[in-house]
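Everything below belongs to target_27.pdb, which stores PDB, C-alpha atoms and all ligand atoms.
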ATOM      1  CA  MET A   1      12.716   3.230 -15.785  1.00  0.00           C
ATOM      2  CA  GLY A   2      10.956   0.479 -13.917  1.00  0.00           C
ATOM      3  CA  ALA A   3       7.553   2.062 -14.001  1.00  0.00           C
ATOM      4  CA  LEU A   4       4.987   0.121 -15.973  1.00  0.00           C
ATOM      5  CA  GLN A   5       3.882   2.341 -18.807  1.00  0.00           C
ATOM      6  CA  PRO A   6       0.713   1.853 -20.876  1.00  0.00           C
ATOM      7  CA  ILE A   7       2.803   1.081 -23.946  1.00  0.00           C
ATOM      8  CA  HIS A   8       4.241  -1.888 -22.078  1.00  0.00           C
ATOM      9  CA  LEU A   9       0.765  -3.208 -21.446  1.00  0.00           C
ATOM     10  CA  VAL A  10       0.033  -2.878 -25.156  1.00  0.00           C
ATOM     11  CA  LEU A  11       3.220  -4.734 -26.073  1.00  0.00           C
ATOM     12  CA  ILE A  12       2.426  -7.454 -23.554  1.00  0.00           C
ATOM     13  CA  LEU A  13      -1.061  -7.719 -24.975  1.00  0.00           C
ATOM     14  CA  ILE A  14       0.307  -8.117 -28.492  1.00  0.00           C
ATOM     15  CA  ILE A  15       2.779 -10.779 -27.375  1.00  0.00           C
ATOM     16  CA  VAL A  16       0.056 -12.638 -25.523  1.00  0.00           C
ATOM     17  CA  LEU A  17      -2.153 -12.411 -28.585  1.00  0.00           C
ATOM     18  CA  ILE A  18       0.590 -13.923 -30.732  1.00  0.00           C
ATOM     19  CA  ILE A  19       1.389 -16.687 -28.296  1.00  0.00           C
ATOM     20  CA  PHE A  20      -2.072 -17.738 -27.235  1.00  0.00           C
ATOM     21  CA  GLY A  21      -4.098 -16.641 -30.209  1.00  0.00           C
ATOM     22  CA  ALA A  22      -7.266 -14.617 -30.245  1.00  0.00           C
ATOM     23  CA  GLY A  23      -9.367 -17.587 -29.184  1.00  0.00           C
ATOM     24  CA  ARG A  24      -7.941 -17.559 -25.690  1.00  0.00           C
ATOM     25  CA  LEU A  25      -7.596 -13.816 -25.377  1.00  0.00           C
ATOM     26  CA  THR A  26     -10.766 -13.502 -23.349  1.00  0.00           C
ATOM     27  CA  GLU A  27      -9.553 -16.113 -20.911  1.00  0.00           C
ATOM     28  CA  VAL A  28      -6.091 -14.574 -20.623  1.00  0.00           C
ATOM     29  CA  GLY A  29      -7.530 -11.084 -20.352  1.00  0.00           C
ATOM     30  CA  GLY A  30      -9.709 -12.153 -17.488  1.00  0.00           C
ATOM     31  CA  ALA A  31      -6.713 -13.580 -15.671  1.00  0.00           C
ATOM     32  CA  LEU A  32      -4.695 -10.415 -16.319  1.00  0.00           C
ATOM     33  CA  GLY A  33      -7.530  -8.214 -15.115  1.00  0.00           C
ATOM     34  CA  LYS A  34      -7.827 -10.207 -11.926  1.00  0.00           C
ATOM     35  CA  GLY A  35      -4.082  -9.993 -11.399  1.00  0.00           C
ATOM     36  CA  VAL A  36      -4.062  -6.235 -11.903  1.00  0.00           C
ATOM     37  CA  ARG A  37      -6.910  -5.782  -9.470  1.00  0.00           C
ATOM     38  CA  ASP A  38      -5.183  -7.926  -6.881  1.00  0.00           C
ATOM     39  CA  PHE A  39      -1.926  -6.051  -7.444  1.00  0.00           C
ATOM     40  CA  ARG A  40      -3.548  -2.677  -6.996  1.00  0.00           C
ATOM     41  CA  ALA A  41      -5.416  -3.882  -3.941  1.00  0.00           C
ATOM     42  CA  ASN A  42      -2.194  -5.124  -2.368  1.00  0.00           C
ATOM     43  CA  VAL A  43      -0.080  -2.080  -3.237  1.00  0.00           C
ATOM     44  CA  GLY A  44      -2.458   0.811  -2.845  1.00  0.00           C
ATOM     45  CA  GLY A  45      -5.104  -0.620  -0.608  1.00  0.00           C
ATOM     46  CA  GLN A  46      -8.405   0.751  -1.748  1.00  0.00           C
ATOM     47  CA  ASP A  47      -8.638   3.154  -4.622  1.00  0.00           C
ATOM     48  CA  ALA A  48      -8.537   6.789  -3.618  1.00  0.00           C
ATOM     49  CA  PRO A  49     -11.993   7.999  -2.715  1.00  0.00           C
ATOM     50  CA  PRO A  50     -13.592  10.409  -5.158  1.00  0.00           C
ATOM     51  CA  PRO A  51     -13.186  14.082  -4.280  1.00  0.00           C
ATOM     52  CA  ALA A  52     -16.090  14.908  -2.038  1.00  0.00           C
ATOM     53  CA  SER A  53     -16.015  18.682  -2.015  1.00  0.00           C
ATOM     54  CA  THR A  54     -15.403  19.818  -5.573  1.00  0.00           C
ATOM     55  CA  GLY A  55     -18.543  21.902  -5.591  1.00  0.00           C
ATOM     56  CA  ALA A  56     -20.802  19.084  -6.725  1.00  0.00           C
ATOM     57  CA  ARG A  57     -24.164  19.185  -5.053  1.00  0.00           C
ATOM     58  CA  HIS A  58     -26.553  16.386  -4.407  1.00  0.00           C
ATOM     59  CA  CYS A  59     -30.297  16.183  -4.268  1.00  0.00           C
ATOM     60  CA  THR A  60     -31.553  16.441  -0.720  1.00  0.00           C
ATOM     61  CA  SER A  61     -34.353  14.048  -1.558  1.00  0.00           C
ATOM     62  CA  CYS A  62     -32.843  11.199  -3.560  1.00  0.00           C
ATOM     63  CA  GLY A  63     -29.118  11.938  -3.380  1.00  0.00           C
ATOM     64  CA  ALA A  64     -28.562  12.198  -7.125  1.00  0.00           C
ATOM     65  CA  GLU A  65     -25.632  14.359  -8.177  1.00  0.00           C
ATOM     66  CA  LEU A  66     -26.747  17.706  -9.567  1.00  0.00           C
ATOM     67  CA  PRO A  67     -25.031  19.526 -12.434  1.00  0.00           C
ATOM     68  CA  PRO A  68     -23.712  23.011 -11.639  1.00  0.00           C
ATOM     69  CA  GLY A  69     -26.473  25.563 -11.650  1.00  0.00           C
ATOM     70  CA  ALA A  70     -29.261  23.013 -11.632  1.00  0.00           C
ATOM     71  CA  ARG A  71     -32.393  24.151  -9.904  1.00  0.00           C
ATOM     72  CA  PHE A  72     -34.245  20.881 -10.073  1.00  0.00           C
ATOM     73  CA  CYS A  73     -33.112  17.319  -9.497  1.00  0.00           C
ATOM     74  CA  GLY A  74     -32.939  15.475 -12.800  1.00  0.00           C
ATOM     75  CA  ARG A  75     -33.936  12.205 -11.168  1.00  0.00           C
ATOM     76  CA  CYS A  76     -36.806  13.026  -8.869  1.00  0.00           C
ATOM     77  CA  GLY A  77     -37.606  16.627  -9.807  1.00  0.00           C
ATOM     78  CA  THR A  78     -37.178  18.068  -6.362  1.00  0.00           C
ATOM     79  CA  GLY A  79     -36.375  21.753  -6.430  1.00  0.00           C
ATOM     80  CA  VAL A  80     -32.958  22.610  -5.046  1.00  0.00           C
ATOM     81  CA  ALA A  81     -31.351  25.914  -4.202  1.00  0.00           C
ATOM     82  CA  ALA A  82     -29.274  27.280  -7.071  1.00  0.00           C
ATOM     83  CA  GLY A  83     -25.679  28.409  -6.543  1.00  0.00           C
ATOM     84  CA  SER A  84     -23.709  27.142  -3.583  1.00  0.00           C
TER      85      SER A  84
HETATM   86 ZN    ZN A 101     -33.601  13.954  -6.438  1.00  0.00          ZN
END
As structure tokens, how would this structure be written, given the file I've shared?
Ligand SMILES: [Zn+2]
Amino acid sequence: MGALQPIHLVLILIIVLIIFGAGRLTEVGGALGKGVRDFRANVGGQDAPPPASTGARHCTSCGAELPPGARFCGRCGTGVAAGS
């Protein structure tokens, strides 16, 4: 109770669609999106940073993220050590 569930957002969206009509949906959606962003910024500060040490490796040359087991950078082609 009290927590805003996704189904509530859908219901709100439907109600807004009925009230304002599809013609203004873009405008209303933009306002809602801005409000949500402001809300999240106020409540949670910045979004949680992405996990930095999940085993993902990065190219030592260009910094591109490398898929597990990759031996060459997909962006610049620099050879990288396989494994850890
Ligand atoms: Zn690279």
Expressed in Å to a single decimal, how great is the separation between CA of Leu4 in chain A and CA of Leu17 in chain A?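 These atoms are spaced 19.2 Å apart.
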Can you write out as a Markdown table which residues of chain A fall within 10 Å of ligand ZN 101 (chain A), alongside each residue's closest atom pair and its distance in Å to one decimal, counting all atoms listed in the file and ordering rows by chain and ascending residue number?
| residue | atom | partner | partner_atom | distance |
| --- | --- | --- | --- | --- |
| A:His58 | CA | A:ZN101 | ZN | 7.7 |
| A:Cys59 | CA | A:ZN101 | ZN | 4.5 |
| A:Thr60 | CA | A:ZN101 | ZN | 6.6 |
| A:Ser61 | CA | A:ZN101 | ZN | 4.9 |
| A:Cys62 | CA | A:ZN101 | ZN | 4.1 |
| A:Gly63 | CA | A:ZN101 | ZN | 5.8 |
| A:Ala64 | CA | A:ZN101 | ZN | 5.4 |
| A:Glu65 | CA | A:ZN101 | ZN | 8.2 |
| A:Leu66 | CA | A:ZN101 | ZN | 8.4 |
| A:Phe72 | CA | A:ZN101 | ZN | 7.8 |
| A:Cys73 | CA | A:ZN101 | ZN | 4.6 |
| A:Gly74 | CA | A:ZN101 | ZN | 6.6 |
| A:Arg75 | CA | A:ZN101 | ZN | 5.1 |
| A:Cys76 | CA | A:ZN101 | ZN | 4.1 |
| A:Gly77 | CA | A:ZN101 | ZN | 5.9 |
| A:Thr78 | CA | A:ZN101 | ZN | 5.5 |
| A:Gly79 | CA | A:ZN101 | ZN | 8.3 |
| A:Val80 | CA | A:ZN101 | ZN | 8.8 |
If I take CA of Leu32 in chain A and CA of Leu9 in chain A, how far is one from the other in Å, to one decimal?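 Between CA of Leu32 in chain A and CA of Leu9 in chain A the gap is 10.4 Å.
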Within 12 Å of (-0.1, -10.5, -23.8), in the coordinates the file gives, what residues turn up when you count all atoms listed in the file, written out as an MDAnalysis selection string? chainID A and resid 7:22 24:33
Interatomic distance (Å, one decimal) between CA of Ala41 in chain A and CA of Ala56 in chain A: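 Computing it gives 27.8 Å between the two atoms.
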A:Gly23, A:Arg37, A:Arg57, A:Ala3 ranked by distance to Gly69 in chain A, top pick (using all atoms listed in the file):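 When distances to Gly69 in chain A are compared using all atoms listed in the file, the smallest one comes from A:Arg57.
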How would range 5-39 of chain A read, as an mmCIF file, in the frame of the given file, once N, CA and C atoms are built in?
data_model
loop_
_atom_site.group_PDB
_atom_site.id
_atom_site.type_symbol
_atom_site.label_atom_id
_atom_site.label_comp_id
_atom_site.auth_asym_id
_atom_site.auth_seq_id
_atom_site.Cartn_x
_atom_site.Cartn_y
_atom_site.Cartn_z
ATOM 1 N N GLN A 5 4.563 1.357 -17.987
ATOM 2 C CA GLN A 5 3.882 2.341 -18.807
ATOM 3 C C GLN A 5 2.783 1.665 -19.632
ATOM 4 N N PRO A 6 1.796 2.435 -20.048
ATOM 5 C CA PRO A 6 0.713 1.853 -20.876
ATOM 6 C C PRO A 6 1.224 1.169 -22.124
ATOM 7 N N ILE A 7 2.293 1.702 -22.722
ATOM 8 C CA ILE A 7 2.803 1.081 -23.946
ATOM 9 C C ILE A 7 3.295 -0.318 -23.657
ATOM 10 N N HIS A 8 3.798 -0.553 -22.453
ATOM 11 C CA HIS A 8 4.241 -1.888 -22.078
ATOM 12 C C HIS A 8 3.069 -2.854 -22.030
ATOM 13 N N LEU A 9 1.954 -2.352 -21.497
ATOM 14 C CA LEU A 9 0.765 -3.208 -21.446
ATOM 15 C C LEU A 9 0.319 -3.573 -22.854
ATOM 16 N N VAL A 10 0.412 -2.604 -23.766
ATOM 17 C CA VAL A 10 0.033 -2.878 -25.156
ATOM 18 C C VAL A 10 0.962 -3.919 -25.758
ATOM 19 N N LEU A 11 2.253 -3.775 -25.537
ATOM 20 C CA LEU A 11 3.220 -4.734 -26.073
ATOM 21 C C LEU A 11 2.969 -6.121 -25.493
ATOM 22 N N ILE A 12 2.718 -6.166 -24.193
ATOM 23 C CA ILE A 12 2.426 -7.454 -23.554
ATOM 24 C C ILE A 12 1.180 -8.071 -24.173
ATOM 25 N N LEU A 13 0.187 -7.229 -24.395
ATOM 26 C CA LEU A 13 -1.061 -7.719 -24.975
ATOM 27 C C LEU A 13 -0.812 -8.308 -26.355
ATOM 28 N N ILE A 14 0.005 -7.625 -27.152
ATOM 29 C CA ILE A 14 0.307 -8.117 -28.492
ATOM 30 C C ILE A 14 1.043 -9.454 -28.408
ATOM 31 N N ILE A 15 2.016 -9.534 -27.520
ATOM 32 C CA ILE A 15 2.779 -10.779 -27.375
ATOM 33 C C ILE A 15 1.857 -11.913 -26.949
ATOM 34 N N VAL A 16 0.998 -11.621 -25.984
ATOM 35 C CA VAL A 16 0.056 -12.638 -25.523
ATOM 36 C C VAL A 16 -0.857 -13.077 -26.661
ATOM 37 N N LEU A 17 -1.272 -12.100 -27.455
ATOM 38 C CA LEU A 17 -2.153 -12.411 -28.585
ATOM 39 C C LEU A 17 -1.453 -13.343 -29.565
ATOM 40 N N ILE A 18 -0.174 -13.083 -29.803
ATOM 41 C CA ILE A 18 0.590 -13.923 -30.732
ATOM 42 C C ILE A 18 0.760 -15.326 -30.161
ATOM 43 N N ILE A 19 1.083 -15.386 -28.891
ATOM 44 C CA ILE A 19 1.389 -16.687 -28.296
ATOM 45 C C ILE A 19 0.135 -17.532 -28.138
ATOM 46 N N PHE A 20 -0.895 -16.940 -27.578
ATOM 47 C CA PHE A 20 -2.072 -17.738 -27.235
ATOM 48 C C PHE A 20 -3.114 -17.740 -28.338
ATOM 49 N N GLY A 21 -3.084 -16.730 -29.172
ATOM 50 C CA GLY A 21 -4.098 -16.641 -30.209
ATOM 51 C C GLY A 21 -5.339 -15.942 -29.688
ATOM 52 N N ALA A 22 -6.106 -15.423 -30.629
ATOM 53 C CA ALA A 22 -7.266 -14.617 -30.245
ATOM 54 C C ALA A 22 -8.317 -15.448 -29.523
ATOM 55 N N GLY A 23 -8.333 -16.752 -29.786
ATOM 56 C CA GLY A 23 -9.367 -17.587 -29.184
ATOM 57 C C GLY A 23 -9.302 -17.611 -27.668
ATOM 58 N N ARG A 24 -8.087 -17.485 -27.141
ATOM 59 C CA ARG A 24 -7.941 -17.559 -25.690
ATOM 60 C C ARG A 24 -7.747 -16.181 -25.075
ATOM 61 N N LEU A 25 -7.872 -15.153 -25.878
ATOM 62 C CA LEU A 25 -7.596 -13.816 -25.377
ATOM 63 C C LEU A 25 -8.548 -13.443 -24.247
ATOM 64 N N THR A 26 -9.792 -13.823 -24.393
ATOM 65 C CA THR A 26 -10.766 -13.502 -23.349
ATOM 66 C C THR A 26 -10.355 -14.144 -22.027
ATOM 67 N N GLU A 27 -9.957 -15.405 -22.123
ATOM 68 C CA GLU A 27 -9.553 -16.113 -20.911
ATOM 69 C C GLU A 27 -8.321 -15.462 -20.285
ATOM 70 N N VAL A 28 -7.322 -15.185 -21.120
ATOM 71 C CA VAL A 28 -6.091 -14.574 -20.623
ATOM 72 C C VAL A 28 -6.372 -13.177 -20.075
ATOM 73 N N GLY A 29 -7.187 -12.430 -20.797
ATOM 74 C CA GLY A 29 -7.530 -11.084 -20.352
ATOM 75 C C GLY A 29 -8.194 -11.099 -18.995
ATOM 76 N N GLY A 30 -9.054 -12.047 -18.781
ATOM 77 C CA GLY A 30 -9.709 -12.153 -17.488
ATOM 78 C C GLY A 30 -8.702 -12.404 -16.386
ATOM 79 N N ALA A 31 -7.726 -13.286 -16.667
ATOM 80 C CA ALA A 31 -6.713 -13.580 -15.671
ATOM 81 C C ALA A 31 -5.848 -12.345 -15.407
ATOM 82 N N LEU A 32 -5.493 -11.625 -16.481
ATOM 83 C CA LEU A 32 -4.695 -10.415 -16.319
ATOM 84 C C LEU A 32 -5.451 -9.377 -15.512
ATOM 85 N N GLY A 33 -6.724 -9.201 -15.831
ATOM 86 C CA GLY A 33 -7.530 -8.214 -15.115
ATOM 87 C C GLY A 33 -7.596 -8.532 -13.635
ATOM 88 N N LYS A 34 -7.783 -9.795 -13.329
ATOM 89 C CA LYS A 34 -7.827 -10.207 -11.926
ATOM 90 C C LYS A 34 -6.500 -9.929 -11.248
ATOM 91 N N GLY A 35 -5.406 -10.230 -11.962
ATOM 92 C CA GLY A 35 -4.082 -9.993 -11.399
ATOM 93 C C GLY A 35 -3.840 -8.516 -11.124
ATOM 94 N N VAL A 36 -4.252 -7.675 -12.073
ATOM 95 C CA VAL A 36 -4.062 -6.235 -11.903
ATOM 96 C C VAL A 36 -4.867 -5.734 -10.710
ATOM 97 N N ARG A 37 -6.084 -6.218 -10.593
ATOM 98 C CA ARG A 37 -6.910 -5.782 -9.470
ATOM 99 C C ARG A 37 -6.284 -6.212 -8.148
ATOM 100 N N ASP A 38 -5.805 -7.451 -8.106
ATOM 101 C CA ASP A 38 -5.183 -7.926 -6.881
ATOM 102 C C ASP A 38 -3.937 -7.115 -6.573
ATOM 103 N N PHE A 39 -3.146 -6.824 -7.626
ATOM 104 C CA PHE A 39 -1.926 -6.051 -7.444
ATOM 105 C C PHE A 39 -2.239 -4.680 -6.867
#
